2 protein chains.
Amino acid sequence: MEQTYIRDIANHVGEVVTIKGWLYNIRSSGKLAFPQIRDGSGIIQGVVFKPGVDEKLWNDVNTLTQESSLIVKGEVREHPKQPGVFELDVKELEIVHLAEAYPITPKEHGVEFLMDNRHLWLRSQKQHAILSIRAEIIRAVRDFFDSNGFLLMDTPIFTPAACEGTTNLFEVNYFDDTSAYLTQSGQLYNEATAAAFGKVYCFGPTFRAEKSKTRRHLTEFWMVEPEVAYADLDDVMSLAENFITFIVHRVLENRRKELAELERDVTKLELIETPFPRLQYDDAVKMLQEGFAKGEVENNFVWGGDFGAPDETYLSNKFERPVMVHRYPAAVKAFYMKPDPERPDLAMCVDVLAPEGYGEVIGGGQRAEDLQYLLKQIHEHGLPEEAFDWYLDLRKYGTFPHGGFGMGIERCTAWLCGIEHIRETIPFPRMLYRLKP
Amino acid sequence: MEQTYIRDIANHVGEVVTIKGWLYNIRSSGKLAFPQIRDGSGIIQGVVFKPGVDEKLWNDVNTLTQESSLIVKGEVREHPKQPGVFELDVKELEIVHLAEAYPITPKEHGVEFLMDNRHLWLRSQKQHAILSIRAEIIRAVRDFFDSNGFLLMDTPIFTPAACEGTTNLFEVNYFDDTSAYLTQSGQLYNEATAAAFGKVYCFGPTFRAEKSKTRRHLTEFWMVEPEVAYADLDDVMSLAENFITFIVHRVLENRRKELAELERDVTKLELIETPFPRLQYDDAVKMLQEGFAKGEVENNFVWGGDFGAPDETYLSNKFERPVMVHRYPAAVKAFYMKPDPERPDLAMCVDVLAPEGYGEVIGGGQRAEDLQYLLKQIHEHGLPEEAFDWYLDLRKYGTFPHGGFGMGIERCTAWLCGIEHIRETIPFPRMLYRLKP
């Protein structure tokens with residue numbers, strides 16, 4: 001028996017089709033029943049008129065419980081008063097399974113309850129919209145890089161040494177009492193693949209064992225990281241703004257319905273165009289200090305530190321487009337950042353802060369290419385040199401200017417969806433106290 | 001300074017372009033030097049004629065060591081005798097970095113040495129070809145599912161309980177002395193997302209703590225797993241054959257050059273068309289037993305077991321296309337397989353065996369949808385019921401027929417590349433004794 005998906009229903013007006021799915025909801029009044037059927041691709045309202053069907057069908061439709069699985073055959077009609085809305089004049093109904101009392105009801109449930117029932121909560125329209133937008137973003141990410149000469153390089157999840165200290169790393173029992181650590185970033189590996197392939201990206205799960213319980217943290221999240229041979233900081237910033245704009249356009253193009261379902265204010269997203277404002281860290285600090293003087297910021301930010309969430313929110317609210325803050329103090333950034341030739345106390349790095357208070361979505365920059373400088377940095381950071389022998393090789397055998405960035409998919413998804421907490425942006429979120437289901 | 005990529009060089013004949021890359025090799029004879037330059041997108045031969053350049057350029061080109069990084073400016077010319085081959089008449093040369101003596105030389109190196117230097121080995125033409133084909137396969141996988149109504153659902157890497165015993169699972173120290181286990185498959189989660197989205201796939205790294213040292217095993221590998229609501233075993237087999245054929249066609253279409261570089265016999269790949277032969281396990285056993293009688297198989301296979309690598313090789317060599325072996329004894333398959341209604345001792349499963357001895361590339365089937373049957377299976381397999389509470393929920397709230405499969409990217413890549421060992425099909429392989437670089 002052929003199956004028609006609800007997303008394609010507009011192509012079947014006047015035809016009798018078979019839909020296989022679940023009962024989303026049902027209204028009944030006198031001689032009319034309106035079962036709403038979902039099949040994962042959409043929702044359609046069925047119409048059952050008692051005098052027009054046999055008794056069994058009428059009885060069956062009235063025994064249906066929420067989330068019962070069913071197969072219906074019916075004629076597709078355009079709604080008489082709402083063009084573009086379709087109904088199914090139900091002719092046959094097969095109950096595949098009569099669901100037990102479904103735990104998620106239209107009443108309000110607490111987040112912990114919904115998270116405990118994540119495997120069922122995914123069936124709701126809001127979750128459907130968020131995860132469809134997530135999939136669209138991921139598709140856009142890959143299309144962007146694949147069509148711009150980047151080659152996908154899956155970097156390893158198991159890494160041997162705890163390169164940057166073990167504090168935020170998950171340790172795995174590998175074989176014979178050796179330990180491996182779960183990757184926090186594929187960047188160092190991508191520097192090797194960029195030397196081999198020029199323009200590369202990795203895109204996979206990354207892990208942070210941070211004991212953070214904020215709305216921006218997951219212990220397991222997906223990150224995409226491009227790396228470009230012979231790119232400098234300006235190239236990295238251009239790439240970042242083109243990349244983000246491409247993603248936003250794609251989501252606006254293909255996911256209007258889902259954005260509407262989430263009641264997202266799309267006018268904010270429609271403002272996202274290149275170029276993005278570029279703001280040197282020094283100037284960002286001045287903005288924060290002026291904000292403090294005007295009573296708009298709580299703390300008086302002191303030059304030299306990294307921004308906290310309230311600082312990022314304040315800065316990003318000054319702009320309608322994502323703002324690219326560059327040249328942070330080298331002291332607060334990773335050891336591999338290239339120092340600014342004109343001011344070596346600054347790193348050639350950039351953070352892209354999303355508007356509307358969503359904070360950092362991209363972090364990146366140009367990498368140090370000088371062997372001696374990197375050795376000095378490794379020693380000053382107290383890192384074990386032998387763990388970096390292969391990485392240092394890249395500076396011995398044809399070192400080259402290069403740079404790139406990383407973007408977390410869940411933060412990007414939360415921003416584009418306009419939702420507060422990133423826990424809903426991945427099918428099964430993993431957090432400090434959440435490993436199940 | 002603009003950069004032209006070597007892959008686009010045919011569009012720039014007669015123009016002066018800038019190439020940024022590395023010295024791959026150099027030949028010199030008298031007044032002529034032929035530096036081969038690679039930039040990750042391709043290799044081009046430069047031509048330097050001593051009387052035509054200044055002394056510094058001539059001296060510089062002759063000091064270049066293998067893998068030195070450099071920027072050259074020159075005019076693109078079509079090779080006088082080889083149409084389609086291009087050369088660069090070098091006008092300017094900037095040495096970015098003079099490489100130290102490069103450890104990988106044209107002489108033969110042992111595999112362990114090359115693996116220790118994997119970060120450099122990636123620069124070789126063979127590795128370039130393999131990993132380009134890998135990226136093409138991954139792109140094809142995503143295009144196939146994205147354009148056929150499937151929604152990407154990233155399933156979790158951290159899983160809470162050791163569902164199928166801890167033998168082959170990697171254990172992670174999560175927070176506060178709890179343990180998590182690294183995923184072996186996203187299938188169980190995809191059964192939940194299929195109920196929400198109809199047609200879904202997950203695609204990410206998976207982990208097996210097997211102490212295997214075969215050419216077909218990695219501890220960390222990438223697997224794609226589609227799952228389809230309301231699909232039966234026949235649907236799963238149709239999906240699998242369409243999927244594999246799509247991938248093979250795509251690779252033949254876009255990666256001829258790389259296949260040639262690997263000296264792959266593409267005539268074997270050109271035979272891959274739908275439909276694939278479908279062979280019931282019972283008949284496969286007969287073939288093996290007949291093979292034994294003829295002296296073509298070493299062991300006399302006994303009905304009831306799973307096939308070993310030599311059995312798979314023998315069977316797959318009987319066919320030019322991948323063969324789909326279905327309905328194995330339920331006893332050798334996972335607890336969640338649907339039993340054959342006509343012969344409950346058989347599972348409604350399928351393994352797809354690639355030709356040329358590459359063995360299983362796909363395993364899948366239809367899932368048991370009956371709650372009571374699954375409970376019985378869980379008990380008989382000695383599994384902890386509480387670990388499956390959420391999974392069993394899927395059978396309480398609108399259970400539905402469904403199925404899917406998993407395909408390992410590295411095995412597929414090894415097959416299409418025609419290489420023996422899967423360790424070269426991923427940038428940084430992880431094996432029993434290999435965690436570095």
# chains A, B, ... in the order shown; residues from 1 in each chain; ligands from 1
>>> residues_around(residues="Met337 of chain A", least_positions_apart="6", cutoff="8 Å", atoms="only C-alpha atoms", output="mmCIF file with N, CA, C and O atoms, in the first residue's frame")
data_model
loop_
_atom_site.group_PDB
_atom_site.id
_atom_site.type_symbol
_atom_site.label_atom_id
_atom_site.label_comp_id
_atom_site.auth_asym_id
_atom_site.auth_seq_id
_atom_site.Cartn_x
_atom_site.Cartn_y
_atom_site.Cartn_z
ATOM 1 N N ALA A 330 46.087 38.821 24.453
ATOM 2 C CA ALA A 330 46.608 37.469 24.232
ATOM 3 C C ALA A 330 46.517 36.631 25.509
ATOM 4 O O ALA A 330 46.307 35.423 25.459
ATOM 5 N N ALA A 347 45.951 39.237 20.700
ATOM 6 C CA ALA A 347 45.874 38.046 19.847
ATOM 7 C C ALA A 347 45.076 38.369 18.591
ATOM 8 O O ALA A 347 44.121 39.139 18.646
ATOM 9 N N MET A 348 45.463 37.764 17.481
ATOM 10 C CA MET A 348 44.765 37.965 16.201
ATOM 11 C C MET A 348 43.525 37.069 16.170
ATOM 12 O O MET A 348 43.415 36.155 15.337
ATOM 13 N N CYS A 349 42.597 37.348 17.078
ATOM 14 C CA CYS A 349 41.437 36.473 17.236
ATOM 15 C C CYS A 349 40.156 37.266 17.034
ATOM 16 O O CYS A 349 40.172 38.495 17.010
ATOM 17 N N GLY A 365 40.245 32.778 14.749
ATOM 18 C CA GLY A 365 41.333 33.718 14.526
ATOM 19 C C GLY A 365 42.440 33.119 13.695
ATOM 20 O O GLY A 365 42.290 32.041 13.100
ATOM 21 N N GLN A 366 43.545 33.830 13.688
ATOM 22 C CA GLN A 366 44.714 33.372 12.959
ATOM 23 C C GLN A 366 45.630 32.640 13.942
ATOM 24 O O GLN A 366 45.732 33.024 15.113
ATOM 25 N N ARG A 367 46.276 31.577 13.457
ATOM 26 C CA ARG A 367 47.108 30.750 14.344
ATOM 27 C C ARG A 367 48.566 31.190 14.248
ATOM 28 O O ARG A 367 49.024 31.632 13.178
ATOM 29 N N ALA A 368 49.277 31.014 15.340
ATOM 30 C CA ALA A 368 50.713 31.317 15.330
ATOM 31 C C ALA A 368 51.412 30.321 14.418
ATOM 32 O O ALA A 368 51.190 29.118 14.515
#
>>> residues_around(residues="Ile95 of chain B", least_positions_apart="3", cutoff="12 Å", atoms="only C-alpha atoms", output="list in words")
Gly398, Thr399 and Phe400 of chain A; Lys20, Gly21, Trp22, Leu23, Lys56, Leu57, Asn59, Asp60, Val61, Asn62, Thr63, Leu64, Thr65, Glu67, Ser68, Ser69, Leu70, Ile71, Val72, Lys73, Glu92, Leu98 and Ala99 of chain B
>>> write_last_selection(atoms="C-alpha atoms", output="JSON list (two decimals), in the first residue's frame")
[["chain", "number", "residue", "atom", "x", "y", "z"],
["A", 398, "GLY", "CA", 56.50, 24.38, 5.46],
["A", 399, "THR", "CA", 54.79, 26.48, 8.09],
["A", 400, "PHE", "CA", 52.19, 28.83, 6.65],
["B", 20, "LYS", "CA", 49.97, 29.63, -2.41],
["B", 21, "GLY", "CA", 51.12, 26.23, -1.35],
["B", 22, "TRP", "CA", 53.99, 23.87, -0.80],
["B", 23, "LEU", "CA", 56.76, 22.32, -2.86],
["B", 56, "LYS", "CA", 67.54, 35.62, -6.96],
["B", 57, "LEU", "CA", 64.54, 33.68, -8.26],
["B", 59, "ASN", "CA", 68.76, 30.68, -6.61],
["B", 60, "ASP", "CA", 65.61, 30.58, -4.49],
["B", 61, "VAL", "CA", 63.97, 27.89, -6.56],
["B", 62, "ASN", "CA", 67.10, 25.79, -6.24],
["B", 63, "THR", "CA", 67.21, 26.08, -2.45],
["B", 64, "LEU", "CA", 63.63, 24.84, -2.07],
["B", 65, "THR", "CA", 63.28, 21.71, 0.01],
["B", 67, "GLU", "CA", 57.27, 20.72, 1.60],
["B", 68, "SER", "CA", 58.65, 24.25, 1.81],
["B", 69, "SER", "CA", 55.76, 26.70, 1.83],
["B", 70, "LEU", "CA", 55.79, 29.25, -0.94],
["B", 71, "ILE", "CA", 53.84, 31.78, -2.93],
["B", 72, "VAL", "CA", 54.43, 31.86, -6.66],
["B", 73, "LYS", "CA", 53.19, 34.18, -9.31],
["B", 92, "GLU", "CA", 57.93, 35.57, -8.90],
["B", 98, "LEU", "CA", 62.13, 26.58, 4.06],
["B", 99, "ALA", "CA", 61.13, 23.16, 5.37]]
>>> atom_distance(atom1="atom CA of Ala196 of chain A", atom2="atom CA of Leu120 of chain B")
7.7 Å
>>> residues_around(residues="segment 270-273 of chain A", least_positions_apart="4", cutoff="7 Å", atoms="only C-alpha atoms", output="list in words")
Thr245, Val266, Glu320 and Arg321 of chain A
>>> residues_around(residues="Trp121 of chain B", least_positions_apart="2", cutoff="12 Å", atoms="only C-alpha atoms", output="ChimeraX atom specification")
/A:192-193,195-197,390,393-394,397 /B:67,102-106,109-119,123-128,131,424,427-428,437
>>> residues_around(residues="Glu385 of chain A", least_positions_apart="5", cutoff="10 Å", atoms="only C-alpha atoms", output="NGL selection string")
:A and (163 or 375 or 378-379 or 391-392)
>>> write_last_selection(atoms="all heavy atoms", output="compact mmCIF listing (two decimals), in the first residue's frame")
# COMPACT_ATOMS: atom_id res chain seq x y z
N CYS A 163 45.74 18.03 26.42
CA CYS A 163 46.59 19.11 25.95
C CYS A 163 46.44 20.39 26.74
O CYS A 163 47.40 21.10 26.98
CB CYS A 163 46.29 19.41 24.48
SG CYS A 163 46.83 18.12 23.38
N LEU A 375 56.68 27.21 20.88
CA LEU A 375 57.40 26.50 21.94
C LEU A 375 57.38 27.34 23.22
O LEU A 375 57.14 26.81 24.32
CB LEU A 375 58.85 26.23 21.51
CG LEU A 375 59.05 24.99 20.65
CD1 LEU A 375 60.45 24.99 20.02
CD2 LEU A 375 58.84 23.72 21.48
N ILE A 378 53.93 27.21 24.75
CA ILE A 378 53.65 25.91 25.37
C ILE A 378 54.31 25.85 26.75
O ILE A 378 53.71 25.42 27.73
CB ILE A 378 54.10 24.77 24.43
CG1 ILE A 378 53.10 24.64 23.28
CG2 ILE A 378 54.26 23.45 25.18
CD1 ILE A 378 53.55 23.72 22.15
N HIS A 379 55.54 26.34 26.82
CA HIS A 379 56.23 26.32 28.11
C HIS A 379 55.58 27.28 29.10
O HIS A 379 55.35 26.93 30.26
CB HIS A 379 57.72 26.66 27.92
CG HIS A 379 58.44 25.63 27.10
ND1 HIS A 379 59.54 25.91 26.33
CD2 HIS A 379 58.17 24.31 26.91
CE1 HIS A 379 59.94 24.81 25.72
NE2 HIS A 379 59.12 23.83 26.05
N TYR A 391 52.04 18.47 16.32
CA TYR A 391 51.52 19.80 16.01
C TYR A 391 52.66 20.75 15.66
O TYR A 391 52.57 21.56 14.73
CB TYR A 391 50.72 20.29 17.22
CG TYR A 391 50.05 21.64 17.06
CD1 TYR A 391 48.97 21.79 16.20
CD2 TYR A 391 50.47 22.74 17.78
CE1 TYR A 391 48.34 23.02 16.06
CE2 TYR A 391 49.85 23.98 17.66
CZ TYR A 391 48.79 24.11 16.79
OH TYR A 391 48.16 25.33 16.65
N LEU A 392 53.76 20.61 16.38
CA LEU A 392 54.92 21.46 16.11
C LEU A 392 55.56 21.11 14.76
O LEU A 392 56.14 21.96 14.10
CB LEU A 392 55.93 21.34 17.26
CG LEU A 392 55.41 21.91 18.59
CD1 LEU A 392 56.32 21.52 19.74
CD2 LEU A 392 55.25 23.44 18.52
>>> select_by_dssp(residues="segment 95-292 of chain B", states="alpha helix (DSSP H)", output="VMD selection string")
chain B and resid 111 to 116 118 to 121 125 to 146 187 to 197 233 to 254 256 to 261 266 to 270 281 to 292
>>> atom_distance(atom1="atom CA of Val352 of chain A", atom2="atom CA of Cys412 of chain A")
11.2 Å
>>> closest_residue(among="B:Gln45, B:Asn173, B:Asn148, B:Thr206", to="chain A", atoms="only C-alpha atoms")
B:Asn173
>>> residues_around(residues="His402 of chain B", least_positions_apart="5", cutoff="7 Å", atoms="only C-alpha atoms", output="CSV table (one decimal) with C-alpha atoms, in the first residue's frame")
chain,number,residue,atom,x,y,z
B,228,VAL,CA,11.6,4.9,8.6
B,229,ALA,CA,8.2,4.8,10.2
B,230,TYR,CA,5.8,2.3,8.6
B,231,ALA,CA,8.6,0.6,6.7
B,232,ASP,CA,8.9,-3.2,6.5
B,366,GLN,CA,12.6,-4.3,10.7
B,367,ARG,CA,12.2,-3.7,14.5
>>> select_by_dssp(residues="segment 309-387 of chain A", states="strand (DSSP E or B)", output="PyMOL selection string")
chain A and resi 323-326+329+337+339+346-347+349-354+359-367
>>> write_last_selection(atoms="N, CA and C atoms", output="short mmCIF file (atom, residue, chain, number, x, y, z; two decimals), in the first residue's frame")
data_model
loop_
_atom_site.label_atom_id
_atom_site.label_comp_id
_atom_site.auth_asym_id
_atom_site.auth_seq_id
_atom_site.Cartn_x
_atom_site.Cartn_y
_atom_site.Cartn_z
N VAL A 323 28.12 41.20 15.81
CA VAL A 323 29.28 42.07 15.88
C VAL A 323 30.54 41.21 16.06
N MET A 324 31.59 41.56 15.31
CA MET A 324 32.82 40.78 15.36
C MET A 324 33.85 41.54 16.20
N VAL A 325 34.08 41.04 17.42
CA VAL A 325 35.04 41.68 18.31
C VAL A 325 36.39 41.00 18.11
N HIS A 326 37.39 41.79 17.77
CA HIS A 326 38.69 41.18 17.44
C HIS A 326 39.82 41.77 18.28
N PRO A 329 43.09 40.64 24.43
CA PRO A 329 44.41 40.45 25.04
C PRO A 329 44.86 39.00 24.89
N MET A 337 47.22 31.17 19.45
CA MET A 337 46.80 32.37 18.71
C MET A 337 48.03 33.14 18.23
N PRO A 339 50.13 36.37 17.71
CA PRO A 339 50.12 37.71 18.31
C PRO A 339 50.02 38.78 17.21
N LEU A 346 48.27 41.63 22.05
CA LEU A 346 46.94 41.27 21.54
C LEU A 346 47.02 40.02 20.68
N ALA A 347 45.95 39.24 20.70
CA ALA A 347 45.87 38.05 19.85
C ALA A 347 45.08 38.37 18.59
N CYS A 349 42.60 37.35 17.08
CA CYS A 349 41.44 36.47 17.24
C CYS A 349 40.16 37.27 17.03
N VAL A 350 39.05 36.55 16.89
CA VAL A 350 37.75 37.20 16.75
C VAL A 350 36.67 36.35 17.41
N ASP A 351 35.79 37.02 18.11
CA ASP A 351 34.56 36.38 18.60
C ASP A 351 33.40 37.06 17.90
N VAL A 352 32.47 36.27 17.40
CA VAL A 352 31.28 36.84 16.79
C VAL A 352 30.13 36.73 17.79
N LEU A 353 29.58 37.88 18.16
CA LEU A 353 28.48 37.89 19.13
C LEU A 353 27.16 38.07 18.38
N ALA A 354 26.25 37.13 18.59
CA ALA A 354 24.95 37.20 17.93
C ALA A 354 24.12 38.30 18.57
N GLY A 359 24.86 36.12 22.57
CA GLY A 359 26.27 35.94 22.93
C GLY A 359 27.10 35.29 21.84
N GLU A 360 28.27 34.81 22.25
CA GLU A 360 29.24 34.28 21.30
C GLU A 360 28.70 33.07 20.55
N VAL A 361 28.69 33.16 19.23
CA VAL A 361 28.35 31.98 18.42
C VAL A 361 29.57 31.46 17.66
N ILE A 362 30.54 32.33 17.45
CA ILE A 362 31.75 31.94 16.74
C ILE A 362 32.96 32.46 17.50
N GLY A 363 33.99 31.62 17.59
CA GLY A 363 35.28 32.05 18.11
C GLY A 363 36.36 31.53 17.18
N GLY A 364 37.32 32.38 16.87
CA GLY A 364 38.37 31.91 15.96
C GLY A 364 39.48 32.92 15.83
N GLY A 365 40.25 32.78 14.75
CA GLY A 365 41.33 33.72 14.53
C GLY A 365 42.44 33.12 13.70
N GLN A 366 43.54 33.83 13.69
CA GLN A 366 44.71 33.37 12.96
C GLN A 366 45.63 32.64 13.94
N ARG A 367 46.28 31.58 13.46
CA ARG A 367 47.11 30.75 14.34
C ARG A 367 48.57 31.19 14.25
#
>>> closest_residue(among="A:Val53, A:Ala194, A:Leu122, A:Ala10", to="Pro83 of chain A", atoms="only C-alpha atoms")
A:Ala10
>>> closest_residue(among="A:Ile409, A:Thr274, A:Val297, A:Glu356", to="Asp154 of chain B", atoms="only C-alpha atoms")
A:Ile409
>>> closest_residue(among="A:Gly30, A:Gly198, A:Gly418, A:Gly74", to="Leu151 of chain A", atoms="only C-alpha atoms")
A:Gly198
>>> closest_residue(among="A:Ala180, A:Ala161, A:Leu152, A:Val17", to="Phe388 of chain A", atoms="only C-alpha atoms")
A:Ala161
>>> closest_residue(among="A:Glu241, A:Glu171, A:Glu87, A:Glu225", to="Tyr189 of chain A", atoms="only C-alpha atoms")
A:Glu225
>>> atom_distance(atom1="atom CA of Gln187 of chain A", atom2="atom CA of Ile137 of chain B")
22.8 Å
